[in-house]
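S.K.: Contents of input.cif (mmCIF, C-alpha atoms and all ligand atoms):
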```cif
data_model
#
loop_
_atom_site.label_atom_id
_atom_site.label_comp_id
_atom_site.auth_asym_id
_atom_site.auth_seq_id
_atom_site.Cartn_x
_atom_site.Cartn_y
_atom_site.Cartn_z
CA MET A 1 -10.73 37.84 -9.84
CA THR A 2 -12.63 36.64 -12.89
CA ASP A 3 -14.89 33.62 -12.88
CA SER A 4 -18.07 32.56 -14.59
CA SER A 5 -19.99 30.85 -11.82
CA LEU A 6 -23.32 32.60 -12.28
CA PHE A 7 -24.04 32.59 -16.01
CA ALA A 8 -22.02 29.62 -17.31
CA PRO A 9 -24.79 27.05 -16.64
CA LEU A 10 -27.28 29.24 -18.50
CA LEU A 11 -25.38 29.54 -21.77
CA PRO A 12 -24.44 27.15 -24.59
CA PRO A 13 -20.73 26.26 -24.91
CA CYS A 14 -20.36 28.48 -27.99
CA VAL A 15 -21.03 31.56 -25.83
CA LYS A 16 -18.04 32.65 -23.78
CA ILE A 17 -18.74 34.24 -20.39
CA ALA A 18 -16.62 36.06 -17.82
CA GLU A 19 -17.56 37.72 -14.55
CA MET A 20 -15.79 39.86 -11.97
CA ASP A 21 -16.23 42.18 -9.04
CA PRO A 22 -16.03 45.72 -10.45
CA ARG A 23 -13.96 46.76 -7.43
CA ASP A 24 -11.12 44.71 -8.98
CA SER A 25 -11.25 46.61 -12.26
CA SER A 26 -8.85 49.32 -13.37
CA ILE A 27 -9.77 52.18 -15.64
CA GLY A 28 -6.07 52.35 -16.57
CA ALA A 29 -6.37 48.93 -18.21
CA LEU A 30 -8.73 50.32 -20.88
CA GLU A 31 -7.93 51.79 -24.26
CA PRO A 32 -7.60 55.62 -24.22
CA ALA A 33 -10.77 55.97 -26.32
CA GLU A 34 -12.66 53.89 -23.74
CA GLN A 35 -11.22 55.86 -20.84
CA ARG A 36 -12.54 59.05 -22.43
CA VAL A 37 -16.12 57.67 -22.44
CA VAL A 38 -16.25 57.68 -18.63
CA ALA A 39 -13.66 60.38 -17.90
CA ASP A 40 -16.32 62.56 -16.22
CA ALA A 41 -18.36 59.73 -14.70
CA VAL A 42 -18.59 59.01 -10.97
CA PRO A 43 -16.10 56.39 -9.69
CA HIS A 44 -18.79 53.72 -9.35
CA ARG A 45 -19.70 54.07 -13.04
CA GLN A 46 -16.04 54.13 -14.05
CA ARG A 47 -15.43 50.86 -12.23
CA GLU A 48 -18.43 49.04 -13.70
CA PHE A 49 -17.64 50.31 -17.19
CA ALA A 50 -13.96 49.35 -16.79
CA ALA A 51 -14.91 45.86 -15.58
CA GLY A 52 -17.20 45.33 -18.57
CA ARG A 53 -14.55 46.43 -21.04
CA GLN A 54 -11.76 44.42 -19.32
CA LEU A 55 -13.87 41.26 -19.44
CA ALA A 56 -14.94 41.93 -23.03
CA HIS A 57 -11.33 42.41 -24.17
CA GLY A 58 -10.38 39.09 -22.61
CA LEU A 59 -13.21 37.21 -24.30
CA ILE A 60 -12.73 38.92 -27.67
CA GLY A 61 -9.04 38.01 -27.50
CA ASP A 62 -9.88 34.41 -26.60
CA LEU A 63 -12.01 34.25 -29.74
CA GLY A 64 -9.00 35.29 -31.80
CA TYR A 65 -9.87 38.90 -32.49
CA PRO A 66 -7.37 41.76 -32.17
CA ARG A 67 -7.75 44.27 -29.36
CA THR A 68 -9.57 47.45 -30.39
CA PRO A 69 -11.58 49.92 -28.29
CA LEU A 70 -15.07 48.60 -27.52
CA LEU A 71 -17.09 51.76 -27.95
CA ALA A 72 -20.88 52.19 -27.98
CA HIS A 73 -23.62 53.35 -30.33
CA PRO A 74 -25.39 56.58 -29.33
CA ASP A 75 -28.09 54.39 -27.73
CA ARG A 76 -25.40 52.87 -25.42
CA SER A 77 -25.44 49.40 -26.98
CA PRO A 78 -21.86 48.18 -27.49
CA ARG A 79 -20.29 48.13 -30.98
CA TRP A 80 -19.05 44.54 -30.99
CA PRO A 81 -16.36 43.73 -33.56
CA GLU A 82 -17.72 42.55 -36.91
CA GLY A 83 -18.44 38.82 -36.58
CA LEU A 84 -19.19 38.89 -32.84
CA VAL A 85 -22.28 39.51 -30.70
CA GLY A 86 -22.35 40.01 -26.97
CA SER A 87 -23.94 41.45 -23.88
CA ILE A 88 -22.77 43.28 -20.76
CA THR A 89 -24.51 43.55 -17.39
CA HIS A 90 -23.61 45.02 -14.02
CA CYS A 91 -25.02 45.37 -10.57
CA GLU A 92 -23.46 46.13 -7.19
CA GLY A 93 -20.48 43.80 -6.74
CA ARG A 94 -20.81 41.88 -10.00
CA VAL A 95 -20.21 42.50 -13.72
CA ALA A 96 -20.66 39.87 -16.43
CA VAL A 97 -19.96 39.80 -20.15
CA ALA A 98 -20.99 37.18 -22.71
CA VAL A 99 -19.64 37.02 -26.27
CA GLY A 100 -20.19 34.63 -29.18
CA ARG A 101 -19.57 34.39 -32.90
CA SER A 102 -22.42 35.73 -35.02
CA SER A 103 -22.10 32.61 -37.19
CA GLU A 104 -23.27 30.60 -34.15
CA VAL A 105 -25.55 33.01 -32.28
CA MET A 106 -27.71 35.85 -33.56
CA GLY A 107 -27.99 37.64 -30.27
CA ILE A 108 -27.13 37.43 -26.58
CA GLY A 109 -28.82 39.16 -23.67
CA ILE A 110 -27.71 38.77 -20.06
CA ASP A 111 -29.00 40.55 -16.98
CA ILE A 112 -27.88 40.37 -13.37
CA GLU A 113 -29.88 41.67 -10.44
CA PRO A 114 -29.60 41.49 -6.67
CA CYS A 115 -31.84 38.91 -5.03
CA ALA A 116 -33.95 41.67 -3.54
CA PRO A 117 -37.56 42.68 -4.06
CA LEU A 118 -38.28 45.03 -6.92
CA PRO A 119 -39.37 48.42 -5.54
CA ALA A 120 -43.14 48.12 -5.13
CA GLU A 121 -43.90 51.09 -7.36
CA LEU A 122 -42.14 49.40 -10.32
CA GLY A 123 -44.30 46.25 -10.19
CA PRO A 124 -47.27 47.65 -12.14
CA LEU A 125 -44.92 49.19 -14.73
CA VAL A 126 -43.08 45.93 -15.37
CA LEU A 127 -45.74 43.21 -15.03
CA THR A 128 -49.03 42.97 -16.84
CA ALA A 129 -52.05 41.85 -14.84
CA ASP A 130 -51.74 38.36 -16.40
CA GLU A 131 -48.05 38.13 -15.49
CA ARG A 132 -48.87 39.21 -11.95
CA ARG A 133 -51.49 36.45 -11.69
CA ARG A 134 -49.07 33.85 -13.05
CA VAL A 135 -46.13 34.70 -10.80
CA ASP A 136 -48.42 34.81 -7.78
CA ALA A 137 -49.07 31.13 -8.53
CA TRP A 138 -45.36 30.18 -8.32
CA SER A 139 -45.14 28.17 -5.15
CA ALA A 140 -41.52 27.26 -4.46
CA GLU A 141 -40.05 30.74 -4.46
CA ASP A 142 -39.70 33.75 -2.23
CA GLY A 143 -42.73 35.75 -3.28
CA SER A 144 -40.97 39.08 -2.90
CA LEU A 145 -38.52 38.16 -5.71
CA ARG A 146 -41.07 37.19 -8.36
CA SER A 147 -41.43 40.67 -9.84
CA ARG A 148 -37.63 41.06 -9.96
CA TRP A 149 -37.40 37.81 -11.94
CA VAL A 150 -39.85 39.07 -14.54
CA PHE A 151 -38.08 42.43 -14.73
CA SER A 152 -34.72 40.76 -15.30
CA ALA A 153 -36.14 38.32 -17.86
CA LYS A 154 -37.49 41.28 -19.87
CA GLU A 155 -34.20 43.17 -19.63
CA ALA A 156 -32.23 40.12 -20.82
CA THR A 157 -34.63 39.57 -23.71
CA TYR A 158 -34.52 43.23 -24.69
CA LYS A 159 -30.71 43.21 -24.79
CA ALA A 160 -30.67 40.10 -26.99
CA VAL A 161 -33.12 41.45 -29.56
CA TYR A 162 -32.29 45.16 -29.57
CA PRO A 163 -29.16 44.93 -31.78
CA LEU A 164 -31.34 43.22 -34.41
CA THR A 165 -34.45 45.42 -34.10
CA ARG A 166 -32.97 48.78 -33.04
CA LYS A 167 -36.40 49.38 -31.50
CA VAL A 168 -37.01 50.47 -27.93
CA LEU A 169 -39.53 48.09 -26.36
CA GLU A 170 -41.84 48.84 -23.46
CA PHE A 171 -42.18 46.29 -20.67
CA SER A 172 -45.70 45.55 -21.93
CA ASP A 173 -44.27 44.61 -25.37
CA LEU A 174 -42.87 41.40 -23.84
CA GLU A 175 -44.94 38.88 -21.92
CA VAL A 176 -42.98 36.48 -19.73
CA PHE A 177 -44.11 32.92 -19.04
CA GLY A 178 -42.19 30.47 -16.94
CA GLY A 179 -41.05 29.40 -13.54
CA PRO A 180 -37.98 29.15 -11.37
CA MET A 181 -35.80 27.33 -13.93
CA GLY A 182 -36.46 29.23 -17.12
CA PHE A 183 -38.81 31.40 -19.08
CA VAL A 184 -40.21 32.30 -22.48
CA SER A 185 -40.66 35.95 -23.47
CA VAL A 186 -43.34 36.48 -26.11
CA LEU A 187 -43.23 39.58 -28.28
CA ARG A 188 -46.62 41.32 -28.11
CA ARG A 189 -45.97 43.65 -31.06
CA GLN A 190 -43.98 43.30 -34.23
CA ALA A 191 -40.35 44.42 -34.10
CA PRO A 192 -38.78 43.54 -37.46
CA PRO A 193 -37.20 41.14 -38.17
CA PHE A 194 -39.37 39.52 -35.46
CA PRO A 195 -43.13 39.18 -36.04
CA GLU A 196 -45.63 39.66 -33.23
CA GLY A 197 -45.86 36.43 -31.26
CA THR A 198 -42.19 35.48 -31.54
CA SER A 199 -41.03 33.48 -28.50
CA PHE A 200 -37.58 33.92 -26.98
CA VAL A 201 -36.35 31.18 -24.64
CA GLY A 202 -34.39 32.19 -21.55
CA HIS A 203 -32.67 30.50 -18.65
CA ARG A 204 -32.21 31.72 -15.14
CA ALA A 205 -30.49 30.95 -11.85
CA ALA A 206 -29.80 32.47 -8.46
CA VAL A 207 -26.39 32.14 -6.81
CA GLY A 208 -24.71 34.02 -3.95
CA GLY A 209 -27.29 36.78 -3.60
CA TYR A 210 -27.58 37.46 -7.34
CA MET A 211 -30.16 36.41 -9.89
CA ALA A 212 -29.13 35.94 -13.51
CA ASN A 213 -31.25 35.74 -16.66
CA ALA A 214 -29.89 34.90 -20.10
CA VAL A 215 -31.37 34.76 -23.59
CA VAL A 216 -29.44 33.42 -26.58
CA LEU A 217 -30.89 33.70 -30.07
CA ARG A 218 -29.76 30.82 -32.27
CA PRO A 219 -29.77 31.13 -36.07
CA THR A 220 -32.93 29.62 -37.56
C1 LIG A 301 -30.08 48.42 -21.65
C2 LIG A 301 -31.07 48.29 -20.53
C3 LIG A 301 -32.12 47.25 -20.91
C4 LIG A 301 -30.37 47.74 -19.27
O1 LIG A 301 -29.45 48.68 -18.78
P1 LIG A 301 -29.09 48.85 -17.23
O2 LIG A 301 -30.33 49.00 -16.48
O3 LIG A 301 -28.06 49.88 -17.10
O4 LIG A 301 -28.58 47.44 -16.83
P2 LIG A 301 -27.27 46.55 -17.06
O5 LIG A 301 -26.18 46.95 -16.17
O6 LIG A 301 -27.73 45.16 -16.93
O7 LIG A 301 -26.80 46.76 -18.59
C5 LIG A 301 -26.07 47.85 -19.01
C6 LIG A 301 -25.32 47.47 -20.26
O8 LIG A 301 -26.25 47.10 -21.28
C7 LIG A 301 -25.68 47.42 -22.55
N1 LIG A 301 -26.68 48.13 -23.31
C8 LIG A 301 -27.08 49.40 -23.19
N2 LIG A 301 -28.07 49.66 -24.06
C9 LIG A 301 -28.29 48.52 -24.73
C10 LIG A 301 -29.21 48.14 -25.76
N3 LIG A 301 -30.08 49.02 -26.26
N4 LIG A 301 -29.17 46.89 -26.23
C11 LIG A 301 -28.27 45.98 -25.73
N5 LIG A 301 -27.38 46.28 -24.75
C12 LIG A 301 -27.41 47.53 -24.27
C13 LIG A 301 -24.41 48.23 -22.29
O9 LIG A 301 -23.31 47.41 -22.56
C14 LIG A 301 -24.51 48.59 -20.83
O10 LIG A 301 -23.27 48.61 -20.16
P3 LIG A 301 -22.13 49.70 -20.49
O11 LIG A 301 -22.83 51.00 -20.65
O12 LIG A 301 -21.22 49.63 -19.32
O13 LIG A 301 -21.51 49.20 -21.78
C15 LIG A 301 -31.77 49.61 -20.15
O14 LIG A 301 -30.90 50.60 -19.76
C16 LIG A 301 -32.55 50.22 -21.28
O15 LIG A 301 -32.02 50.71 -22.26
N6 LIG A 301 -33.88 50.21 -21.09
C17 LIG A 301 -34.82 50.79 -22.00
C18 LIG A 301 -35.71 49.73 -22.60
C19 LIG A 301 -36.36 48.86 -21.58
O16 LIG A 301 -35.90 48.65 -20.47
N7 LIG A 301 -37.53 48.33 -21.95
C20 LIG A 301 -38.21 47.40 -21.11
C21 LIG A 301 -37.69 46.02 -21.30
S1 LIG A 301 -38.56 45.23 -22.58
#
```
What does the file become when written as structure tokens?
M.R.:
Amino acid sequence: MTDSSLFAPLLPPCVKIAEMDPRDSSIGALEPAEQRVVADAVPHRQREFAAGRQLAHGLIGDLGYPRTPLLAHPDRSPRWPEGLVGSITHCEGRVAVAVGRSSEVMGIGIDIEPCAPLPAELGPLVLTADERRRVDAWSAEDGSLRSRWVFSAKEATYKAVYPLTRKVLEFSDLEVFGGPMGFVSVLRRQAPPFPEGTSFVGHRAAVGGYMANAVVLRPT
């Protein structure tokens, strides 16, 4: 079943969102060229890939575009049809896709994570010392989830900006400020077209055991 309960409140109306359980996806519903991409993948990867493509085809069709295979660049970022931008995310039990017209949005980044602590060894890789100090000050939230929130905020921001920068960012290249309702990611190096210091606004929510972070870049 497809719904949009998790991300819909985080996105402007011009961004279309769809979500599903990957166990309901079917690799047979994809275009042959898409099926070939995951022909040798493990079943879990085939299902999440199939769910992402099924949802994307539905949204692209809703926006009035013809159905064509949604393939990827060598770096794995999807090749959205000319005139559209979008983002795909998956985790156990949930896949989400967001798509918008590039005349209305410059970039979209969505990330879904389980509401579970980030493995302790990842904390120092993901959070700077300042970020650690700031999230430790959040009061109204399960402390074990704070690092996961920052991780997901950085992943969502990265996905929104990457199609414009084509630059791989390190976790330390983004500094996240914010609290339970939303966040701002600040770019700590230049990544053309974005100068150092650019702020990206994100929204977040937790529903049904999942946390969702979303960043939408509006034209300036
Ligand atoms: C893309 C990335 C951020 C998240 O991928 P992930 O951990 O597999 O998590 P998700 O399931 O949420 O997202 C995967 C989807 O992101 C999309 N994606 C992959 N690379 C992408 C990129 N460079 N830019 C935008 N979207 C990308 C794909 O659609 C992919 O799904 P698909 O292969 O089924 O099409 C991660 O894999 C990556 O490339 N990391 C390197 C850079 C990084 O993390 N830096 C630190 C953050 S600043």
S.K.: Could you check which of A:Leu164, A:Ala51, A:Leu187, A:Val15 is closest to A:Gly28, using only C-alpha atoms?
M.R.: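 Checking each of A:Leu164, A:Ala51, A:Leu187, A:Val15 against A:Gly28, counting only C-alpha atoms, the winner is A:Ala51.
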S.K.: Which residues of chain A come within 9 Å of ligand LIG 301 (chain A), and for each one, what is the closest pair of atoms and their distance in Å to one decimal, counting all atoms listed in the file, sorted by chain and residue number, as JSON lines?
M.R.:
```
{"residue": "A:Arg45", "atom": "CA", "partner": "A:LIG301", "partner_atom": "O12", "distance": 7.8}
{"residue": "A:Gln46", "atom": "CA", "partner": "A:LIG301", "partner_atom": "O12", "distance": 8.7}
{"residue": "A:Glu48", "atom": "CA", "partner": "A:LIG301", "partner_atom": "O12", "distance": 6.3}
{"residue": "A:Phe49", "atom": "CA", "partner": "A:LIG301", "partner_atom": "O12", "distance": 4.2}
{"residue": "A:Ala50", "atom": "CA", "partner": "A:LIG301", "partner_atom": "O12", "distance": 7.7}
{"residue": "A:Ala51", "atom": "CA", "partner": "A:LIG301", "partner_atom": "O12", "distance": 8.2}
{"residue": "A:Gly52", "atom": "CA", "partner": "A:LIG301", "partner_atom": "O12", "distance": 5.9}
{"residue": "A:Arg53", "atom": "CA", "partner": "A:LIG301", "partner_atom": "O13", "distance": 7.5}
{"residue": "A:Leu70", "atom": "CA", "partner": "A:LIG301", "partner_atom": "O13", "distance": 8.6}
{"residue": "A:Leu71", "atom": "CA", "partner": "A:LIG301", "partner_atom": "O13", "distance": 8.0}
{"residue": "A:Ala72", "atom": "CA", "partner": "A:LIG301", "partner_atom": "O13", "distance": 6.9}
{"residue": "A:His73", "atom": "CA", "partner": "A:LIG301", "partner_atom": "N2", "distance": 8.5}
{"residue": "A:Asp75", "atom": "CA", "partner": "A:LIG301", "partner_atom": "N3", "distance": 5.9}
{"residue": "A:Arg76", "atom": "CA", "partner": "A:LIG301", "partner_atom": "N2", "distance": 4.4}
{"residue": "A:Ser77", "atom": "CA", "partner": "A:LIG301", "partner_atom": "C9", "distance": 3.7}
{"residue": "A:Pro78", "atom": "CA", "partner": "A:LIG301", "partner_atom": "O9", "distance": 5.2}
{"residue": "A:Arg79", "atom": "CA", "partner": "A:LIG301", "partner_atom": "O9", "distance": 9.0}
{"residue": "A:Gly86", "atom": "CA", "partner": "A:LIG301", "partner_atom": "N5", "distance": 8.3}
{"residue": "A:Ser87", "atom": "CA", "partner": "A:LIG301", "partner_atom": "N5", "distance": 6.0}
{"residue": "A:Ile88", "atom": "CA", "partner": "A:LIG301", "partner_atom": "O9", "distance": 4.5}
{"residue": "A:Thr89", "atom": "CA", "partner": "A:LIG301", "partner_atom": "O6", "distance": 3.6}
{"residue": "A:His90", "atom": "CA", "partner": "A:LIG301", "partner_atom": "O5", "distance": 3.9}
{"residue": "A:Cys91", "atom": "CA", "partner": "A:LIG301", "partner_atom": "O5", "distance": 5.9}
{"residue": "A:Val95", "atom": "CA", "partner": "A:LIG301", "partner_atom": "O5", "distance": 7.8}
{"residue": "A:Ala96", "atom": "CA", "partner": "A:LIG301", "partner_atom": "O6", "distance": 8.8}
{"residue": "A:Val97", "atom": "CA", "partner": "A:LIG301", "partner_atom": "O9", "distance": 8.7}
{"residue": "A:Ile108", "atom": "CA", "partner": "A:LIG301", "partner_atom": "C11", "distance": 8.7}
{"residue": "A:Gly109", "atom": "CA", "partner": "A:LIG301", "partner_atom": "C11", "distance": 7.1}
{"residue": "A:Ile110", "atom": "CA", "partner": "A:LIG301", "partner_atom": "O6", "distance": 7.1}
{"residue": "A:Asp111", "atom": "CA", "partner": "A:LIG301", "partner_atom": "O6", "distance": 4.8}
{"residue": "A:Ile112", "atom": "CA", "partner": "A:LIG301", "partner_atom": "O6", "distance": 6.0}
{"residue": "A:Glu113", "atom": "CA", "partner": "A:LIG301", "partner_atom": "O6", "distance": 7.7}
{"residue": "A:Val126", "atom": "CA", "partner": "A:LIG301", "partner_atom": "C20", "distance": 7.7}
{"residue": "A:Phe151", "atom": "CA", "partner": "A:LIG301", "partner_atom": "C21", "distance": 7.5}
{"residue": "A:Ser152", "atom": "CA", "partner": "A:LIG301", "partner_atom": "O6", "distance": 8.4}
{"residue": "A:Ala153", "atom": "CA", "partner": "A:LIG301", "partner_atom": "C21", "distance": 8.6}
{"residue": "A:Lys154", "atom": "CA", "partner": "A:LIG301", "partner_atom": "S1", "distance": 4.9}
{"residue": "A:Glu155", "atom": "CA", "partner": "A:LIG301", "partner_atom": "C3", "distance": 4.8}
{"residue": "A:Ala156", "atom": "CA", "partner": "A:LIG301", "partner_atom": "C3", "distance": 7.1}
{"residue": "A:Thr157", "atom": "CA", "partner": "A:LIG301", "partner_atom": "S1", "distance": 7.0}
{"residue": "A:Tyr158", "atom": "CA", "partner": "A:LIG301", "partner_atom": "S1", "distance": 5.0}
{"residue": "A:Lys159", "atom": "CA", "partner": "A:LIG301", "partner_atom": "C11", "distance": 3.8}
{"residue": "A:Ala160", "atom": "CA", "partner": "A:LIG301", "partner_atom": "C11", "distance": 6.5}
{"residue": "A:Val161", "atom": "CA", "partner": "A:LIG301", "partner_atom": "N4", "distance": 7.5}
{"residue": "A:Tyr162", "atom": "CA", "partner": "A:LIG301", "partner_atom": "N4", "distance": 4.9}
{"residue": "A:Pro163", "atom": "CA", "partner": "A:LIG301", "partner_atom": "N4", "distance": 5.9}
{"residue": "A:Arg166", "atom": "CA", "partner": "A:LIG301", "partner_atom": "N3", "distance": 7.4}
{"residue": "A:Lys167", "atom": "CA", "partner": "A:LIG301", "partner_atom": "N3", "distance": 8.2}
{"residue": "A:Val168", "atom": "CA", "partner": "A:LIG301", "partner_atom": "C18", "distance": 5.5}
{"residue": "A:Leu169", "atom": "CA", "partner": "A:LIG301", "partner_atom": "S1", "distance": 4.8}
{"residue": "A:Glu170", "atom": "CA", "partner": "A:LIG301", "partner_atom": "C20", "distance": 4.6}
{"residue": "A:Phe171", "atom": "CA", "partner": "A:LIG301", "partner_atom": "C20", "distance": 4.1}
{"residue": "A:Ser172", "atom": "CA", "partner": "A:LIG301", "partner_atom": "S1", "distance": 7.2}
{"residue": "A:Asp173", "atom": "CA", "partner": "A:LIG301", "partner_atom": "S1", "distance": 6.4}
{"residue": "A:Leu174", "atom": "CA", "partner": "A:LIG301", "partner_atom": "S1", "distance": 5.9}
```
S.K.: When you draw a straight line from atom CA of A:Pro117 to atom CA of A:Trp149, how long is it in Å?
M.R.: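 Computing the Euclidean distance for atom CA of A:Pro117 and atom CA of A:Trp149 yields 9.3 Å.
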S.K.: Could you please determine the separation between atom CA of A:Pro195 and atom CA of A:Thr165 in Å, to one decimal place?
M.R.: 10.9 Å
S.K.: Expressed in Å to a single decimal, how great is the separation between atom CA of A:Val176 and atom CA of A:Ser144?
M.R.: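 One can read the atom CA of A:Val176 to atom CA of A:Ser144 distance as 17.1 Å.
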S.K.: I need the residue nearest A:Leu55 from this list: A:Glu175, A:Asp21, A:Asp136, A:Glu196. Use all atoms listed in the file for the distance.
M.R.: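 Using all atoms listed in the file, A:Leu55 sits closest to A:Asp21.
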S.K.: Write out as a ChimeraX atom specification each polymer residue whose atoms come within 10 Å of A:Phe7, counting only C-alpha atoms; drop sequence neighbours fewer than 4 positions from it.
M.R.: /A:3,11,16-19,96-98,110-112,203-207,211-214
S.K.: Hey, which of A:Leu84, A:Leu30, A:Ala137, A:Leu10 ends up closest to A:Ile60? Count only C-alpha atoms.
M.R.: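 Under the stated criterion, the closest residue is A:Leu84.
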S.K.: Counting only C-alpha atoms, which of A:Arg146, A:His57, A:Arg218, A:His44 gets nearest to A:Met106?
M.R.: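 Closest to A:Met106, using only C-alpha atoms: A:Arg218.
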S.K.: Between A:Ala56, A:Asp130, A:Met20, A:Val201, which is the closest to A:Val215 once you count only C-alpha atoms?
M.R.: A:Val201
S.K.: Neighbouring residues of A:Leu145 were defined as those with any atom within 9 Å, considering only C-alpha atoms; residues of the same chain fewer than 4 positions away were excluded. Please report them as a list in words.
M.R.: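 Counting only C-alpha atoms, the residues come to Cys115, Ala116, Pro117, Leu118, Glu141, Trp149 and Val150 of chain A.
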S.K.: Which is closer to A:Phe177 than all the others in A:Pro124, A:Gly107, A:Gly202, A:Pro114, using only C-alpha atoms?
M.R.: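 Going through A:Pro124, A:Gly107, A:Gly202, A:Pro114 one by one, the smallest distance to A:Phe177 is for A:Gly202.
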S.K.: Missing atoms in stretch 178-194 of chain A need filling: write out N, CA, C and O atoms for it as an mmCIF file, in the frame of the given file.
M.R.:
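Okay, this is what ended up in out22.cif:
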```cif
data_model
loop_
_atom_site.group_PDB
_atom_site.id
_atom_site.type_symbol
_atom_site.label_atom_id
_atom_site.label_comp_id
_atom_site.auth_asym_id
_atom_site.auth_seq_id
_atom_site.Cartn_x
_atom_site.Cartn_y
_atom_site.Cartn_z
ATOM 1 N N GLY A 178 -43.241 31.355 -17.415
ATOM 2 C CA GLY A 178 -42.190 30.470 -16.940
ATOM 3 C C GLY A 178 -42.227 30.280 -15.458
ATOM 4 O O GLY A 178 -43.183 30.642 -14.780
ATOM 5 N N GLY A 179 -41.148 29.707 -14.960
ATOM 6 C CA GLY A 179 -41.050 29.400 -13.540
ATOM 7 C C GLY A 179 -39.627 29.567 -13.081
ATOM 8 O O GLY A 179 -38.833 30.232 -13.740
ATOM 9 N N PRO A 180 -39.293 28.944 -11.978
ATOM 10 C CA PRO A 180 -37.980 29.150 -11.370
ATOM 11 C C PRO A 180 -36.797 28.756 -12.261
ATOM 12 O O PRO A 180 -35.725 29.313 -12.125
ATOM 13 N N MET A 181 -36.960 27.813 -13.175
ATOM 14 C CA MET A 181 -35.800 27.330 -13.930
ATOM 15 C C MET A 181 -35.567 28.088 -15.241
ATOM 16 O O MET A 181 -34.452 28.172 -15.723
ATOM 17 N N GLY A 182 -36.630 28.585 -15.831
ATOM 18 C CA GLY A 182 -36.460 29.230 -17.120
ATOM 19 C C GLY A 182 -37.723 29.971 -17.511
ATOM 20 O O GLY A 182 -38.714 29.970 -16.772
ATOM 21 N N PHE A 183 -37.667 30.596 -18.675
ATOM 22 C CA PHE A 183 -38.810 31.400 -19.080
ATOM 23 C C PHE A 183 -38.874 31.490 -20.594
ATOM 24 O O PHE A 183 -37.920 31.158 -21.305
ATOM 25 N N VAL A 184 -40.025 31.956 -21.067
ATOM 26 C CA VAL A 184 -40.210 32.300 -22.480
ATOM 27 C C VAL A 184 -40.764 33.721 -22.495
ATOM 28 O O VAL A 184 -41.719 34.035 -21.772
ATOM 29 N N SER A 185 -40.140 34.601 -23.284
ATOM 30 C CA SER A 185 -40.660 35.950 -23.470
ATOM 31 C C SER A 185 -41.345 35.995 -24.832
ATOM 32 O O SER A 185 -40.723 35.668 -25.847
ATOM 33 N N VAL A 186 -42.591 36.410 -24.845
ATOM 34 C CA VAL A 186 -43.340 36.480 -26.110
ATOM 35 C C VAL A 186 -43.495 37.950 -26.502
ATOM 36 O O VAL A 186 -43.918 38.781 -25.685
ATOM 37 N N LEU A 187 -43.148 38.216 -27.752
ATOM 38 C CA LEU A 187 -43.230 39.580 -28.280
ATOM 39 C C LEU A 187 -44.697 39.916 -28.586
ATOM 40 O O LEU A 187 -45.337 39.233 -29.375
ATOM 41 N N ARG A 188 -45.205 40.956 -27.947
ATOM 42 C CA ARG A 188 -46.620 41.320 -28.110
ATOM 43 C C ARG A 188 -46.848 42.429 -29.130
ATOM 44 O O ARG A 188 -47.927 43.010 -29.192
ATOM 45 N N ARG A 189 -45.824 42.749 -29.918
ATOM 46 C CA ARG A 189 -45.970 43.650 -31.060
ATOM 47 C C ARG A 189 -44.929 43.212 -32.074
ATOM 48 O O ARG A 189 -44.017 42.454 -31.740
ATOM 49 N N GLN A 190 -45.035 43.671 -33.295
ATOM 50 C CA GLN A 190 -43.980 43.300 -34.230
ATOM 51 C C GLN A 190 -42.775 44.215 -34.026
ATOM 52 O O GLN A 190 -42.931 45.395 -33.701
ATOM 53 N N ALA A 191 -41.593 43.656 -34.183
ATOM 54 C CA ALA A 191 -40.350 44.420 -34.100
ATOM 55 C C ALA A 191 -39.408 43.787 -35.120
ATOM 56 O O ALA A 191 -38.623 42.901 -34.783
ATOM 57 N N PRO A 192 -39.544 44.197 -36.398
ATOM 58 C CA PRO A 192 -38.780 43.540 -37.460
ATOM 59 C C PRO A 192 -37.295 43.421 -37.084
ATOM 60 O O PRO A 192 -36.746 44.364 -36.526
ATOM 61 N N PRO A 193 -36.715 42.257 -37.348
ATOM 62 C CA PRO A 193 -37.200 41.140 -38.170
ATOM 63 C C PRO A 193 -38.141 40.177 -37.432
ATOM 64 O O PRO A 193 -38.488 39.144 -38.010
ATOM 65 N N PHE A 194 -38.562 40.462 -36.211
ATOM 66 C CA PHE A 194 -39.370 39.520 -35.460
ATOM 67 C C PHE A 194 -40.854 39.862 -35.557
ATOM 68 O O PHE A 194 -41.252 40.982 -35.219
#
```
